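**Student:** Following this line is model18.tsv, made up of TSV, C-alpha atoms:
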```
chain	number	residue	atom	x	y	z
F	1	MET	CA	31.52	34.07	8.16
F	2	THR	CA	34.57	35.35	6.35
F	3	ALA	CA	37.62	33.34	7.30
F	4	ALA	CA	40.85	35.18	6.58
F	5	LEU	CA	43.49	33.62	8.78
F	6	SER	CA	47.13	33.62	7.77
F	7	SER	CA	49.28	30.62	8.59
F	8	THR	CA	51.46	32.70	10.96
F	9	GLU	CA	48.42	33.98	12.82
F	10	GLY	CA	47.09	30.46	13.04
F	11	TRP	CA	50.31	29.24	14.64
F	12	LEU	CA	50.42	32.19	17.04
F	13	VAL	CA	46.90	31.38	18.19
F	14	VAL	CA	47.70	27.68	18.63
F	15	ILE	CA	50.91	28.35	20.59
F	16	ALA	CA	49.54	31.18	22.73
F	17	SER	CA	46.33	29.35	23.58
F	18	SER	CA	47.99	26.04	24.44
F	19	ALA	CA	50.67	27.67	26.62
F	20	GLY	CA	48.16	29.93	28.38
F	21	CYS	CA	45.57	27.23	28.92
F	22	TYR	CA	48.19	24.89	30.39
F	23	ALA	CA	49.35	27.67	32.72
F	24	LEU	CA	45.74	28.20	33.84
F	25	LYS	CA	45.35	24.48	34.60
F	26	TYR	CA	48.68	24.22	36.42
F	27	ALA	CA	48.00	27.37	38.45
F	28	GLY	CA	45.20	25.58	40.26
F	29	TYR	CA	47.67	23.00	41.56
F	30	ALA	CA	50.57	25.32	42.23
F	31	MET	CA	49.00	28.48	43.67
F	32	PRO	CA	47.86	28.81	47.28
F	33	GLN	CA	44.18	27.99	47.74
F	34	ARG	CA	43.38	31.40	49.25
F	35	TRP	CA	44.27	33.27	46.04
F	36	PHE	CA	41.08	31.90	44.58
F	37	ALA	CA	38.99	31.93	47.74
F	38	HIS	CA	36.98	34.99	46.70
F	39	PRO	CA	33.41	33.80	45.98
F	40	GLY	CA	32.89	36.62	43.49
F	41	LEU	CA	35.85	35.51	41.43
F	42	ARG	CA	34.66	31.91	41.41
F	43	ARG	CA	31.15	32.93	40.42
F	44	LEU	CA	32.53	35.08	37.64
F	45	ILE	CA	34.67	32.27	36.24
F	46	GLU	CA	31.68	29.92	36.36
F	47	LEU	CA	29.40	32.37	34.53
F	48	MET	CA	31.97	33.46	31.95
F	49	PRO	CA	31.35	30.55	29.56
F	50	VAL	CA	27.64	31.41	29.51
F	51	ALA	CA	28.24	35.02	28.42
F	52	LEU	CA	30.92	34.00	25.95
F	53	LEU	CA	28.94	31.20	24.31
F	54	ALA	CA	25.75	33.28	24.12
F	55	ALA	CA	27.67	36.07	22.39
F	56	LEU	CA	29.34	33.58	20.04
F	57	ILE	CA	25.97	32.13	19.01
F	58	VAL	CA	24.74	35.60	18.03
F	59	VAL	CA	27.92	36.49	16.16
F	60	GLU	CA	28.13	33.15	14.33
F	61	ALA	CA	24.47	33.30	13.37
F	62	LEU	CA	24.08	36.95	12.39
F	63	ALA	CA	27.40	38.63	11.68
F	64	ASN	CA	29.53	38.83	8.59
F	65	GLY	CA	32.40	41.08	9.57
F	66	ARG	CA	30.83	44.32	10.79
F	67	HIS	CA	27.56	43.73	8.98
F	68	TYR	CA	24.39	41.90	9.90
F	69	ASP	CA	23.90	38.92	7.63
F	70	TRP	CA	20.37	37.50	7.82
F	71	ASN	CA	20.93	34.25	5.94
F	72	ALA	CA	17.61	32.37	5.86
F	73	ALA	CA	19.09	28.89	5.42
F	74	ARG	CA	21.58	29.35	8.26
F	75	LEU	CA	18.95	30.77	10.62
F	76	ALA	CA	16.55	27.94	9.78
F	77	GLY	CA	19.31	25.44	10.50
F	78	LEU	CA	20.01	27.10	13.84
F	79	ALA	CA	16.28	27.14	14.66
F	80	VAL	CA	15.98	23.41	13.99
F	81	GLY	CA	19.12	22.87	16.09
F	82	ALA	CA	17.56	24.93	18.87
F	83	VAL	CA	14.44	22.76	18.87
F	84	ALA	CA	16.67	19.69	19.07
F	85	VAL	CA	18.53	21.22	22.04
F	86	TRP	CA	15.22	22.01	23.71
F	87	ARG	CA	14.11	18.39	23.17
F	88	LYS	CA	17.40	17.33	24.82
F	89	ALA	CA	18.72	15.59	21.72
F	90	PRO	CA	22.34	14.37	21.86
F	91	PHE	CA	25.02	16.83	20.72
F	92	ILE	CA	25.74	15.07	17.45
F	93	VAL	CA	22.02	15.02	16.53
F	94	VAL	CA	21.78	18.78	17.13
F	95	VAL	CA	24.79	19.49	14.91
F	96	VAL	CA	23.74	17.17	12.08
F	97	LEU	CA	20.13	18.43	12.06
F	98	ALA	CA	21.26	22.07	11.90
F	99	ALA	CA	23.75	21.39	9.10
F	100	ALA	CA	21.34	19.22	7.11
F	101	THR	CA	18.53	21.78	7.35
F	102	ALA	CA	20.73	24.58	6.04
F	103	ALA	CA	22.24	22.38	3.32
F	104	VAL	CA	18.87	21.13	2.07
F	105	LEU	CA	17.35	24.64	2.04
F	106	ARG	CA	20.25	25.81	-0.13
F	107	LEU	CA	19.57	23.05	-2.65
F	108	VAL	CA	15.96	24.03	-3.28
T	1	MET	CA	36.31	2.30	34.10
T	2	ARG	CA	33.47	1.51	31.73
T	3	ASP	CA	31.95	4.91	32.54
T	4	SER	CA	35.26	6.58	31.77
T	5	LEU	CA	35.42	4.90	28.37
T	6	SER	CA	31.86	5.88	27.50
T	7	VAL	CA	32.59	9.49	28.41
T	8	GLY	CA	35.54	9.31	26.00
T	9	VAL	CA	33.39	7.96	23.19
T	10	ALA	CA	30.74	10.64	23.81
T	11	VAL	CA	33.41	13.34	23.66
T	12	GLY	CA	34.40	11.96	20.26
T	13	SER	CA	31.35	13.53	18.62
T	14	TYR	CA	32.35	16.94	19.95
T	15	GLY	CA	35.85	16.31	18.65
T	16	VAL	CA	34.62	15.75	15.10
T	17	ALA	CA	32.59	18.96	15.33
T	18	PHE	CA	35.59	20.88	16.66
T	19	GLY	CA	37.91	19.55	13.97
T	20	ALA	CA	35.44	20.55	11.28
T	21	SER	CA	34.74	24.03	12.66
T	22	SER	CA	38.42	24.77	13.24
T	23	VAL	CA	39.36	23.94	9.64
T	24	THR	CA	36.34	25.92	8.45
T	25	ALA	CA	37.63	28.88	10.46
T	26	GLY	CA	40.91	28.78	8.52
T	27	PHE	CA	43.26	26.69	10.66
T	28	SER	CA	45.21	23.94	8.90
T	29	VAL	CA	44.65	20.28	9.76
T	30	LEU	CA	48.03	20.22	11.53
T	31	GLN	CA	47.24	23.34	13.58
T	32	THR	CA	43.84	21.94	14.49
T	33	SER	CA	45.31	18.62	15.63
T	34	LEU	CA	48.08	20.26	17.64
T	35	SER	CA	45.50	22.47	19.30
T	36	SER	CA	43.70	19.35	20.50
T	37	LEU	CA	46.94	17.64	21.56
T	38	LEU	CA	48.35	20.64	23.46
T	39	THR	CA	45.50	22.95	24.45
T	40	PHE	CA	43.18	20.04	25.21
T	41	THR	CA	40.16	21.80	26.62
T	42	GLY	CA	37.22	21.42	24.30
T	43	GLY	CA	34.99	24.40	25.04
T	44	THR	CA	37.95	26.75	24.87
T	45	GLN	CA	39.12	25.36	21.54
T	46	PHE	CA	35.58	25.73	20.18
T	47	ALA	CA	35.46	29.35	21.30
T	48	ILE	CA	38.78	30.17	19.66
T	49	ALA	CA	37.64	28.66	16.35
T	50	GLY	CA	34.35	30.52	16.74
T	51	VAL	CA	35.94	33.93	17.23
T	52	ILE	CA	38.27	33.41	14.25
T	53	ALA	CA	35.41	32.13	12.06
T	54	GLY	CA	33.45	35.28	12.95
T	55	GLY	CA	36.32	37.36	11.56
T	56	GLY	CA	37.84	38.17	14.97
T	57	SER	CA	41.53	38.89	15.39
T	58	ALA	CA	44.05	36.37	16.73
T	59	LEU	CA	44.29	38.44	19.92
T	60	ALA	CA	40.53	38.41	20.49
T	61	ALA	CA	40.45	34.65	19.94
T	62	VAL	CA	43.24	33.93	22.41
T	63	GLY	CA	41.68	36.34	24.94
T	64	GLY	CA	38.34	34.58	24.68
T	65	GLY	CA	40.11	31.24	25.00
T	66	TYR	CA	41.80	32.27	28.25
T	67	LEU	CA	38.50	33.48	29.71
T	68	LEU	CA	37.01	30.04	29.10
T	69	GLY	CA	40.18	28.22	30.14
T	70	ALA	CA	40.05	29.86	33.56
T	71	ARG	CA	37.44	27.36	34.69
T	72	ASN	CA	40.11	24.66	34.59
T	73	THR	CA	41.95	26.58	37.33
T	74	LEU	CA	38.94	26.08	39.58
T	75	TYR	CA	38.82	22.39	38.69
T	76	ALA	CA	42.49	22.03	39.59
T	77	LEU	CA	41.86	23.68	42.96
T	78	ARG	CA	39.17	21.14	43.78
T	79	LEU	CA	41.18	18.17	42.51
T	80	LYS	CA	44.42	19.10	44.30
T	81	PRO	CA	43.59	17.55	47.71
T	82	MET	CA	41.94	14.58	46.02
T	83	LEU	CA	44.69	13.54	43.62
T	84	GLU	CA	47.72	14.26	45.85
T	85	VAL	CA	50.04	14.64	42.87
T	86	HIS	CA	53.52	16.14	42.80
T	87	GLY	CA	56.37	16.61	40.34
T	88	TRP	CA	55.87	15.19	36.86
T	89	ARG	CA	52.58	13.55	37.87
T	90	ARG	CA	51.25	16.98	38.77
T	91	ALA	CA	52.43	18.36	35.43
T	92	LEU	CA	50.60	15.51	33.70
T	93	ALA	CA	47.47	15.87	35.83
T	94	ALA	CA	47.34	19.58	34.98
T	95	MET	CA	47.38	18.77	31.27
T	96	VAL	CA	44.26	16.62	31.57
T	97	THR	CA	42.35	18.73	34.12
T	98	ILE	CA	39.18	19.39	32.13
T	99	ASP	CA	35.37	19.27	32.45
T	100	GLU	CA	35.03	15.52	32.00
T	101	SER	CA	37.90	14.24	34.16
T	102	THR	CA	36.93	16.62	36.98
T	103	ALA	CA	33.26	15.67	36.86
T	104	MET	CA	34.08	11.95	36.99
T	105	ALA	CA	36.55	12.38	39.87
T	106	LEU	CA	34.14	14.51	41.91
T	107	GLY	CA	31.36	11.99	41.28
T	108	GLN	CA	33.08	9.21	43.27
T	109	SER	CA	32.43	8.60	46.95
T	110	ARG	CA	35.92	7.44	47.98
T	111	ARG	CA	39.31	8.97	47.30
T	112	PRO	CA	40.98	5.96	45.62
T	113	LEU	CA	37.99	5.74	43.27
T	114	SER	CA	38.28	9.45	42.50
T	115	LYS	CA	41.90	9.04	41.47
T	116	LEU	CA	41.05	6.05	39.32
T	117	ALA	CA	38.11	7.86	37.69
T	118	PHE	CA	40.22	10.95	37.03
T	119	TRP	CA	43.06	9.13	35.29
T	120	TRP	CA	40.90	6.71	33.30
T	121	THR	CA	38.59	9.47	32.09
T	122	ALA	CA	41.56	11.69	31.27
T	123	CYS	CA	43.23	8.99	29.14
T	124	SER	CA	40.06	7.96	27.41
T	125	VAL	CA	38.98	11.53	26.59
T	126	TYR	CA	42.51	12.41	25.43
T	127	VAL	CA	42.61	9.52	22.96
T	128	PHE	CA	39.08	9.92	21.60
T	129	TRP	CA	39.17	13.73	21.48
T	130	ASN	CA	42.35	13.76	19.42
T	131	LEU	CA	41.32	10.99	17.05
T	132	ALA	CA	37.98	12.68	16.50
T	133	THR	CA	39.63	16.05	15.89
T	134	VAL	CA	41.73	14.64	13.05
T	135	LEU	CA	38.67	12.94	11.60
T	136	GLY	CA	36.62	16.16	11.66
T	137	ALA	CA	39.47	18.30	10.33
T	138	VAL	CA	40.31	16.01	7.42
T	139	GLY	CA	36.61	15.52	6.71
T	140	ALA	CA	35.87	19.24	6.59
T	141	GLN	CA	38.90	19.89	4.40
T	142	SER	CA	37.84	17.33	1.83
T	143	LEU	CA	34.26	18.61	1.78
T	144	GLY	CA	35.20	21.91	0.18
T	145	ASP	CA	32.77	24.81	0.63
T	146	PRO	CA	31.53	24.49	4.23
T	147	LYS	CA	28.37	26.45	3.48
T	148	ARG	CA	27.17	23.84	1.01
T	149	PHE	CA	27.00	21.35	3.86
T	150	GLY	CA	25.42	23.77	6.28
T	151	LEU	CA	28.43	23.93	8.60
T	152	ASP	CA	27.79	27.64	9.15
T	153	ALA	CA	24.48	26.66	10.79
T	154	ALA	CA	26.01	23.73	12.67
T	155	VAL	CA	28.56	25.89	14.53
T	156	PRO	CA	26.11	28.20	16.37
T	157	ALA	CA	23.86	25.19	16.99
T	158	ALA	CA	26.84	23.40	18.56
T	159	PHE	CA	27.47	26.40	20.85
T	160	LEU	CA	23.81	26.36	21.85
T	161	ALA	CA	24.06	22.69	22.75
T	162	LEU	CA	27.20	23.42	24.79
T	163	VAL	CA	25.58	26.22	26.80
T	164	ALA	CA	22.18	24.52	27.24
T	165	PRO	CA	22.98	22.56	30.45
T	166	ARG	CA	24.06	25.79	32.14
T	167	LEU	CA	20.90	27.57	31.01
T	168	ARG	CA	18.82	24.82	32.58
T	169	SER	CA	20.68	25.20	35.88
T	170	GLY	CA	19.07	28.45	36.98
T	171	ALA	CA	17.73	31.94	36.30
T	172	ILE	CA	21.06	33.73	36.71
T	173	PRO	CA	22.86	31.91	33.88
T	174	ARG	CA	19.82	32.57	31.69
T	175	LYS	CA	19.96	36.31	32.42
T	176	VAL	CA	23.68	36.34	31.76
T	177	ALA	CA	23.13	34.58	28.43
T	178	VAL	CA	20.44	37.03	27.28
T	179	LEU	CA	22.59	39.99	28.30
T	180	GLY	CA	25.68	38.56	26.59
T	181	ALA	CA	23.73	37.89	23.40
T	182	LEU	CA	22.18	41.38	23.38
T	183	ILE	CA	25.51	43.13	23.87
T	184	ALA	CA	27.06	41.13	21.04
T	185	LEU	CA	24.06	41.86	18.78
T	186	ILE	CA	24.27	45.62	19.36
T	187	LEU	CA	28.05	45.78	18.93
T	188	ILE	CA	28.28	43.80	15.65
T	189	PRO	CA	28.10	46.87	13.38
T	190	LEU	CA	29.88	49.20	15.83
T	191	THR	CA	33.14	47.39	16.64
T	192	PRO	CA	35.72	45.24	14.82
T	193	PRO	CA	34.90	41.50	14.70
T	194	GLY	CA	35.81	39.62	17.85
T	195	ILE	CA	35.14	42.60	20.12
T	196	PRO	CA	31.38	41.95	20.60
T	197	VAL	CA	32.18	38.57	22.15
T	198	LEU	CA	34.84	39.91	24.49
T	199	ALA	CA	32.66	42.90	25.41
T	200	SER	CA	29.92	40.54	26.59
T	201	CYS	CA	32.39	38.93	28.99
T	202	ALA	CA	33.74	42.27	30.14
T	203	ALA	CA	30.21	43.50	30.83
T	204	LEU	CA	29.58	40.45	32.99
T	205	ALA	CA	32.73	41.19	34.97
T	206	ILE	CA	31.72	44.81	35.53
T	207	LEU	CA	28.05	44.19	36.29
T	208	THR	CA	28.45	41.38	38.76
T	209	ASP	CA	30.10	43.41	41.49
T	210	VAL	CA	31.21	41.84	44.71
T	211	ARG	CA	28.18	42.72	46.81
T	212	ALA	CA	25.72	41.34	44.29
T	213	LEU	CA	27.76	38.17	43.99
T	214	ARG	CA	27.86	37.57	47.69
T	215	GLY	CA	24.06	37.51	47.80
T	216	LEU	CA	23.80	34.82	45.15
T	217	ARG	CA	23.76	31.19	46.07
T	218	GLY	CA	26.14	28.98	44.17
T	219	ARG	CA	24.91	26.58	41.56
T	220	ARG	CA	26.70	23.59	43.02
```
Could you rewrite the structure in this file as structure tokens?
**Tutor:**
Amino acid sequence: MTAALSSTEGWLVVIASSAGCYALKYAGYAMPQRWFAHPGLRRLIELMPVALLAALIVVEALANGRHYDWNAARLAGLAVGAVAVWRKAPFIVVVVLAAATAAVLRLV
Amino acid sequence: MRDSLSVGVAVGSYGVAFGASSVTAGFSVLQTSLSSLLTFTGGTQFAIAGVIAGGGSALAAVGGGYLLGARNTLYALRLKPMLEVHGWRRALAAMVTIDESTAMALGQSRRPLSKLAFWWTACSVYVFWNLATVLGAVGAQSLGDPKRFGLDAAVPAAFLALVAPRLRSGAIPRKVAVLGALIALILIPLTPPGIPVLASCAALAILTDVRALRGLRGRR
């Protein structure tokens, strides 16, 4: 988890993502329905978040740049969070449990 | 209307988490708040912060954001005949076409109720999401070292909570998740940061060819 983001880069990301995401929203109202009629395309757009989020979980949990980083406290926090997700705990409970577990393990 | 407000309050907790993770990733409080005001699509904003926090480039982050933002296009398509909006109202409706407002609109049995649900949910989520973002961003900034408070564990746990409902919805999303995770895991040491995440999405696009897709029954 090395964060090296320059201010310029940060602004570019904010501007590009807000403009693009608005265009994507507006396109659904402005474009003809048939452009998006393809069931494969719809399926792909619906499944995309699953692939993206799954990959993000792995990267956030295990990567530090191009290296694997097996941090015991972080992984324990994620594991506790995972149990909370499995038990269908509310979002905020999952996040707080994961953070607290990692924080407490780092104290001892 | 009461339902719309409670959805807004519930979204608030995600907003705090987003604000915190975005500042942790290296965005300023102002950038984080503007992202919520202008981009206004939670999952996408989370993903962008996630890619940057993982050391990914600005380009990779924006690319990942667009891939997630594309689902709003589908929402807009379904809402179009329901909302009957034109001109500036359409421009405004597009801004607030997101998971929550769409779900609430589609959940109503009659068209006037759908419109009402859409606009009330949109307003309520917009207000709470943005307030919560500022709260989370300022909070994370004043905390100092995010690792001391376990934020590095909270971020992947938050993503897991976000993806969980889709994983419960069927075997195909579960397979996609395992595949996406494996590809990212293998690529971590082989490619620059940010690429493993995008590669997982690209692999999904390549693997799910048209014929295979046609055989699958939709989730909804």
**Student:** Go through F:Ala55, F:Leu97, F:Arg34, F:Ala23 and flag the residue nearest chain T, using only C-alpha atoms for the distances.
**Tutor:**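 For chain T, the nearest of the candidates is F:Ala55.
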**Student:** Could you work out which residues of chain F fall inside 6 Å of chain T? Count only C-alpha atoms, and format the result as a ChimeraX atom specification.
**Tutor:** /F:1-3,5,10,13-14,17-18,21,24-26,28-29,40,45,49-52,54-55,57-58,60,65-67,74,77-78,81,85,92,95,98-99,102-103
**Student:** Using all atoms listed in the file for the distances, tell me which of F:Tyr22, F:Arg43, F:Thr101, F:Ser7 is nearest to Ala72 (chain F).
**Tutor:**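 With all atoms listed in the file as the atom set, the closest residue is F:Thr101.
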**Student:** What does the structure give for the distance between CA of Leu113 (chain T) and CA of Ala27 (chain F), in Å to one decimal?
**Tutor:**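 Separation of CA of Leu113 (chain T) and CA of Ala27 (chain F): 24.3 Å.
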